[in-house]
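Student: Dumping the structure here so I can ask a few things about it.
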Amino acid sequence: MRRFLERHWYAYAMVLPVVVVIAVLVLYPLAQGVFFTFTNINEGNIANPVLDRAATFVGVGLRNYLNVLSGDPSFGSFWSTLVRTLVWTFSCVFFHYTIGLGLALLLNREVKGRAVYRVLLILPWAVPAFISAFTWKYMFNAQYGIINQALRAIGVDNPPVWLGQNDWALVAVVIVNVWLGVPFMMVALLGGLQAIPGDLYEAAEVDGATPWQRFRHITLPGLRSVSSTVVLLGIIWTFNMFAIIYLITGPNPNTRILVTYAFERFFSGASRDYAIASTYGVLILSVLLVFAAVYRRALRKQGEVW
Amino acid sequence: MAEVAYVKASRIFSGNPPVRAVDELSLDVADGEFLVLVGPSGSGKSTALRMLAGLEDIDEGAIEIGGKDVTNVPPKGRDIAMVFQSYALYPHMTVAENMGFALKLRGVNKAEIKEKVGEAAKLLDLTKYLDRKPKALSGGQRQRVAMGRAIVREPAVFLMDEPLSNLDAKLRVETRANIAALQQRLGTTTIYVTHDQVEAMTMGHRVAVLKDGLLQQCDTPRALYDKPANAFVAGFIGSPAMNLKTVPLTAEGAKLDGIVVPLPRTALDVASGANLSEVTFGIRPEALGIIPSSSTEDGLAMTVELVEELGADALVHGAVRIGDSSERFVVRVDGRTPPTLGQEVKVAVRDASEIHLFHPESGDRLTD
């Protein structure tokens with residue numbers, strides 16, 4: 001042991017600061033969050049140094065989990081919120097991927113002004129998210145928004161109230177998030193496309209493949225490793241995409257996903273219920289962990305080393 | 001099986017000025033023939049092959065396969081198979097899937113694909129590797145898979161674009177022989193591109209030499225070697241290269257370092273007919289020899305600068321003074337008694353009939 005320390009103290013001394021930072025910023029809050037899920041902590045019983053009040057919350061065992069998982073509306077209707085989260089996530093990622101791939105394919109050809117198109121298409125990425133969120137919010141305004149004006153102009157008499165308490169609100173946030181997420185997919189897939197050797201296409205052409213067959217047998221398999229990575233990232237990001245939904249619709253039950261509900265529970269309401277919010281946090285983490293594990297196994301079965 | 005014809009086919013790349021990568025190439029390849037396109041890089045040999053494959057436009061002229069004009073036919077309709085320099089194997093498919101891909105696209109049923117792939121694999125000694133991905137194969141095995149992919153299709157014409165350039169030297173020699181034997185056996189018309197003149201000479205029934213997009217000569221390896229049509233072909237074919245020097249002409253022959261090498265009467269007549277005072281004189285290293293300094297025979301005084309010992313024989317590089325300049329010559333001598341570095345040796349032409357004469361400006365051959 002002593003010899004070990006003597007030999008390697010320098011290496012350990014070098015990694016120590018990072019270990020400390022990660023422990024303080026990641027591990028401690030995570031452990032504390034997990035701990036809260038087994039208590040009834042809220043604004044009323046947390047230690048408050050200003051009021052000189054000691055903590056009075058108590059352990060409640062698994063009651064928070066039972067309450068949340070029962071699907072009770074007073075605890076956020078966990079199951080229907082989960083379903084909405086999945087609908088939101090998969091519709092966003094589906095459109096991100098398909099539109100991103102389409103644009104990447106167009107940009108991968110020899111077109112005049114390719115550099116200009118590339119910059120224009122990356123623009124949504126460069127604009128701060130809250131600015132685009134507010135811009136879209138005005139565009140979706142039921143009475144004065146440009147979208148409904150356009151719809152009326154082409155003869156839709158009763159355009160939807162986009163951001164009201166109905167499912168159009170979910171459609172609206174999906175549209176905004178797709179618009180925001182496409183550039184990333186496009187750039188990543190364009191990189192993937194450019195890594196496919198051109199002579200594979202020529203070989204396929206000589207082998208008699210039609211353009212569609214070349215896409216199916218050369219392009220898609222060639223993009224597989226890039227796709228699997230960006231789709232996984234896209235799913236994780238979208239699953240936890242709080243900012244867009246909250247900035248555009250606020251606490252609207254029709255656009256409520258798991259993270260926005262955790263936020264509502266934590267910061268608003270009569271008693272800020274930290275225990276339930278933490279329970280949601282732990283459940284979100286578990287869902288994503290399970291998903292990532294399944295996804296990884298599926299990829300490995302396809303022979304992808306990842 | 002089919003014959004192939006290039007009819008004044010050109011490929012012009014846009015630019016300023018436009019580049020004629022292949023310039024009015026006319027070439028007839030007989031059914032079952034193995035034709036090699038050879039030339040230095042940038043000579044247009046690969047472009048010519050890709051024009052035949054349909055991967056490159058034909059801007060002027062035409063190309064015919066099996067008597068049919070295919071100038072505007074896409075690759076799919078040309079009944080050709082191509083082996084690429086990089087092999088271009090589909091990385092996500094197994095060896096069997098790679099080889100059967102073209103048949104699968106054509107809608108051939110699975111049992112038949114399996115049978116044909118099996119046959120080709122047996123021919124190429126790939127049966128053990130049918131379930132592997134290209135990543136898990138060695139360079140030589142990948143090369144064979146690329147060949148197999150072409151064979152399985154049973155095309156009218158094989159096109160090969162430097163298929164051996166990614167192999168090591170030993171394997172290259174071995175594979176060279178295998179490809180030639182395979183082509184003999186299948187009897188399929190084959191167009192083969194290479195920059196390596198040894199490959200060209202050993203494999204081709206006929207060899208077409210290209211330079212700057214222009215066909216220089218197309219003939220059997222023997223004829224290319226014995227009667228190069230111009231100075232470029234003379235210098236390109238043969239290893240080491242022919243000694244080519246432009247020297248003054250006298251009434252009896254070519255003047256080299258004080259001695260006059262007698263030339264055949266016909267050559268002198270042609271030269272004087274063209275009013276030439278100089279001539280490009282070519283002689284292969286094996287047509288030169290070192291003679292004892294005591295010999296009374298006329299010879300060139302050469303200072304030995306480098307001796308390359310190849311075992312059976314040795315290549316002696318040295319400098320000979322011609323007029324005011326020092327010219328380099330290569331002489332092939334017996335491997336057992338090579339001269340030493342720095343030695344002064346006397347070099348003589350062994351056989352005057354081995355001398356090639358070319359026009360000093362156009363480079364065209366002067367004698368038959």
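Residue numbering restarts at 1 in every chain; chains get A, B, ... in the order shown in the structure tokens, and ligands count up from 1 in that same order.
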Kindly provide the residues of chain A that approach chain B to within 9 Å, each paired with its closest atom pair and their distance in Å to one decimal, based on only C-alpha atoms, listed by chain and increasing number, as a tab-separated table.

Tutor:
```
residue	atom	partner	partner_atom	distance
A:Pro197	CA	B:Ala88	CA	8.0
A:Gly198	CA	B:Ala88	CA	8.8
A:Asp199	CA	B:Ala88	CA	5.8
A:Leu200	CA	B:Ala88	CA	5.1
A:Tyr201	CA	B:Ala88	CA	8.6
A:Glu202	CA	B:Leu55	CA	7.0
A:Ala203	CA	B:Ala88	CA	6.4
A:Ala204	CA	B:Ala102	CA	7.9
A:Glu205	CA	B:Pro75	CA	6.3
A:Val206	CA	B:Pro75	CA	5.1
A:Asp207	CA	B:Ala102	CA	4.7
A:Gly208	CA	B:Lys76	CA	4.3
A:Ala209	CA	B:Leu105	CA	6.5
A:Thr210	CA	B:Lys76	CA	8.5
A:Gln213	CA	B:Leu105	CA	8.2
A:His217	CA	B:Tyr90	CA	8.7
A:Ile218	CA	B:Tyr90	CA	7.4
A:Pro221	CA	B:His92	CA	6.6
A:Gly222	CA	B:His92	CA	7.7
```

Student: If you count only C-alpha atoms, which residues fall within 12 Å of range 270-276 of chain B, apart from same-chain ones fewer than 4 positions away, as a ChimeraX atom specification?

Tutor: /B:246-254,263-266,280-281,357-362,364-368

Student: Next, dump the selected residues to file, keeping only C-alpha atoms, as a CSV table (one decimal), in the first residue's frame.

Tutor:
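New file again_26.csv:
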```csv
chain,number,residue,atom,x,y,z
B,246,THR,CA,19.6,13.1,-78.6
B,247,VAL,CA,22.9,13.1,-80.6
B,248,PRO,CA,24.3,14.6,-83.7
B,249,LEU,CA,24.0,12.7,-86.9
B,250,THR,CA,26.8,12.1,-89.4
B,251,ALA,CA,26.8,10.5,-92.8
B,252,GLU,CA,27.6,7.0,-91.4
B,253,GLY,CA,25.7,7.0,-88.1
B,254,ALA,CA,25.1,8.7,-84.8
B,263,LEU,CA,23.3,3.0,-88.2
B,264,PRO,CA,21.3,1.0,-90.8
B,265,ARG,CA,21.1,2.5,-94.2
B,266,THR,CA,17.3,2.8,-94.1
B,280,THR,CA,17.1,10.6,-80.7
B,281,PHE,CA,19.1,7.5,-80.2
B,357,LEU,CA,16.0,5.9,-83.7
B,358,PHE,CA,13.4,8.6,-83.1
B,359,HIS,CA,12.7,12.0,-84.5
B,360,PRO,CA,14.3,14.5,-82.1
B,361,GLU,CA,11.3,16.8,-81.9
B,362,SER,CA,8.2,14.7,-82.5
B,364,ASP,CA,8.3,9.4,-83.7
B,365,ARG,CA,10.1,6.2,-84.7
B,366,LEU,CA,12.2,6.7,-87.8
B,367,THR,CA,12.8,3.0,-88.7
B,368,ASP,CA,10.5,0.1,-89.0
```

Student: Tell me which protein, DNA and RNA residues are within 10 Å of Ile46 in chain A, counting only C-alpha atoms, leaving out same-chain ones fewer than 6 positions away, and put them as an MDAnalysis selection string.

Tutor: chainID A and resid 40 53:57 274

Student: Convert the current residue selection to file output with C-alpha atoms, as a PDB file, in the first residue's frame.

Tutor:
```pdb
ATOM      1  CA  ASN A  40     -41.874  14.445   3.156  1.00  0.00           C
ATOM      2  CA  ARG A  53     -36.237  27.179  12.125  1.00  0.00           C
ATOM      3  CA  ALA A  54     -34.837  23.664  12.347  1.00  0.00           C
ATOM      4  CA  ALA A  55     -35.713  20.970   9.844  1.00  0.00           C
ATOM      5  CA  THR A  56     -38.795  19.013  10.824  1.00  0.00           C
ATOM      6  CA  PHE A  57     -39.307  16.712   7.805  1.00  0.00           C
ATOM      7  CA  TYR A 274     -39.409  19.056  -2.859  1.00  0.00           C
TER       8      TYR A 274
END
```

Student: Need the shell around Thr303 in chain B: protein/DNA/RNA residues with any atom at most 6 Å away, counting only C-alpha atoms. Skip same-chain ones fewer than 4 positions apart. Format as number ranges by chain?

Tutor: B: 318-319, 342-344

Student: I want to know what sits within 9 Å of Ile322 in chain B, based on only C-alpha atoms, with residues of the same chain fewer than 2 positions away left out; could you give that as a list in words?

Tutor: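 Near neighbours after the sequence-gap exclusion: Val247, Lys255, Leu256, Asp257, Gly258, Val320, Asp324, Ser325, Ser326 and Glu327 of chain B.
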
Student: So the first atom is CA of Trp162 in chain A and the second is CA of Gly145 in chain A; what is the distance between them in Å, to one decimal place?

Tutor: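 Those two atoms sit 9.8 Å apart.
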
Student: Can you pull out every residue from range 5-193 of chain A that DSSP, working from the backbone, puts in strand (DSSP E or B), and format the result as a PyMOL selection string?

Tutor: chain A and resi 39+48+53+59

Student: Next, write the just-selected residues to a file, as a CSV table (one decimal), in the first residue's frame, keeping N, CA and C atoms as the atom set.

Tutor:
```csv
chain,number,residue,atom,x,y,z
A,39,THR,N,-38.5,11.2,2.0
A,39,THR,CA,-39.0,12.0,3.1
A,39,THR,C,-40.2,12.8,2.7
A,48,ASN,N,-34.7,26.4,7.9
A,48,ASN,CA,-34.8,27.8,7.4
A,48,ASN,C,-34.0,28.7,8.3
A,53,ARG,N,-35.4,28.3,11.9
A,53,ARG,CA,-36.2,27.2,12.1
A,53,ARG,C,-35.5,25.9,11.8
A,59,GLY,N,-38.9,10.9,7.6
A,59,GLY,CA,-38.9,9.8,6.6
A,59,GLY,C,-40.3,9.2,6.4
```

Student: Write out as a PyMOL selection string the residues lying within 10 Å of range 177-189 of chain A, counting only C-alpha atoms and excluding same-chain residues fewer than 2 positions away.

Tutor: chain A and resi 88-89+91-105+107-108+118-127+129+132-133+171-175+191-195+223-224+226-227+229-231+234+237-238+241+244-245

Student: Can you work out which one of A:Phe35, A:Arg109, A:Pro17, A:Arg296 has the shortest atom-to-atom distance to Ser225 in chain A, counting only C-alpha atoms?

Tutor: A:Arg296

Student: Within 9 Å of Ile151 in chain B, counting only C-alpha atoms, which residues qualify if same-chain residues fewer than 4 places away don't, as a short mmCIF file (atom, residue, chain, number, x, y, z; two decimals) with N, CA and C atoms, in the first residue's frame?

Tutor:
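Contents of out.cif, as written:
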```cif
data_model
loop_
_atom_site.label_atom_id
_atom_site.label_comp_id
_atom_site.auth_asym_id
_atom_site.auth_seq_id
_atom_site.Cartn_x
_atom_site.Cartn_y
_atom_site.Cartn_z
N ALA B 81 -18.67 -5.55 -65.15
CA ALA B 81 -18.36 -5.63 -63.73
C ALA B 81 -17.01 -4.98 -63.53
N MET B 99 -20.64 -10.45 -52.62
CA MET B 99 -20.53 -11.09 -53.92
C MET B 99 -21.89 -11.27 -54.58
N ALA B 120 -18.02 -19.22 -57.17
CA ALA B 120 -16.97 -18.20 -57.29
C ALA B 120 -16.04 -18.27 -56.10
N ALA B 146 -13.22 -8.77 -54.11
CA ALA B 146 -13.57 -7.82 -55.17
C ALA B 146 -13.61 -8.53 -56.53
N MET B 147 -12.67 -9.43 -56.74
CA MET B 147 -12.68 -10.21 -57.99
C MET B 147 -13.94 -11.09 -58.04
N PRO B 155 -20.37 -11.10 -66.31
CA PRO B 155 -20.62 -9.96 -67.20
C PRO B 155 -20.00 -10.18 -68.57
N PHE B 158 -15.04 -7.45 -68.05
CA PHE B 158 -14.46 -7.11 -66.75
C PHE B 158 -13.68 -5.83 -66.88
N LEU B 186 -11.94 -18.07 -67.88
CA LEU B 186 -13.31 -17.59 -68.08
C LEU B 186 -13.53 -17.08 -69.50
#
```

Student: Among range 82-209 of chain A, which ones does DSSP assign to helix (DSSP H, G or I) (computed from the backbone)? Answer as a PyMOL selection string.

Tutor: chain A and resi 82-107+114-126+129-139+146-153+168-194+198-206

Student: Record the distance separating CA of Leu163 in chain A and CA of Leu285 in chain A, expressed in Å with one decimal.

Tutor: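 Taking CA of Leu163 in chain A as the start and CA of Leu285 in chain A as the end point, the length is 28.8 Å.
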
Student: Just checking: using only C-alpha atoms, which residue out of A:Gln32, A:Thr249, A:Asn254, A:Thr219 ends up closest to Asn141 in chain A?

Tutor: A:Thr249

Student: Using only C-alpha atoms, which residue out of A:Asn166, A:Leu232, A:Pro253, A:Ser278 lies closest to Arg265 in chain A?

Tutor: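 The closest residue to Arg265 in chain A is A:Ser278.
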
Student: Could you tell me how far CA of Arg152 in chain A lies from CA of Gly164 in chain A, in Å and to one decimal?

Tutor: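 CA of Gly164 in chain A lies 18.3 Å from CA of Arg152 in chain A.
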
Student: Determine the nearest neighbour of Thr279 in chain A from the options A:Asn42, A:Asn64, A:Gln149, A:Gln165, counting only C-alpha atoms.

Tutor: A:Asn64

Student: Determine the nearest neighbour of Ala275 in chain A from the options A:Tyr28, A:Tyr65, A:Phe239, A:Tyr10, counting only C-alpha atoms.

Tutor: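 Answer, going by the shortest atom-to-atom distance: A:Tyr65.
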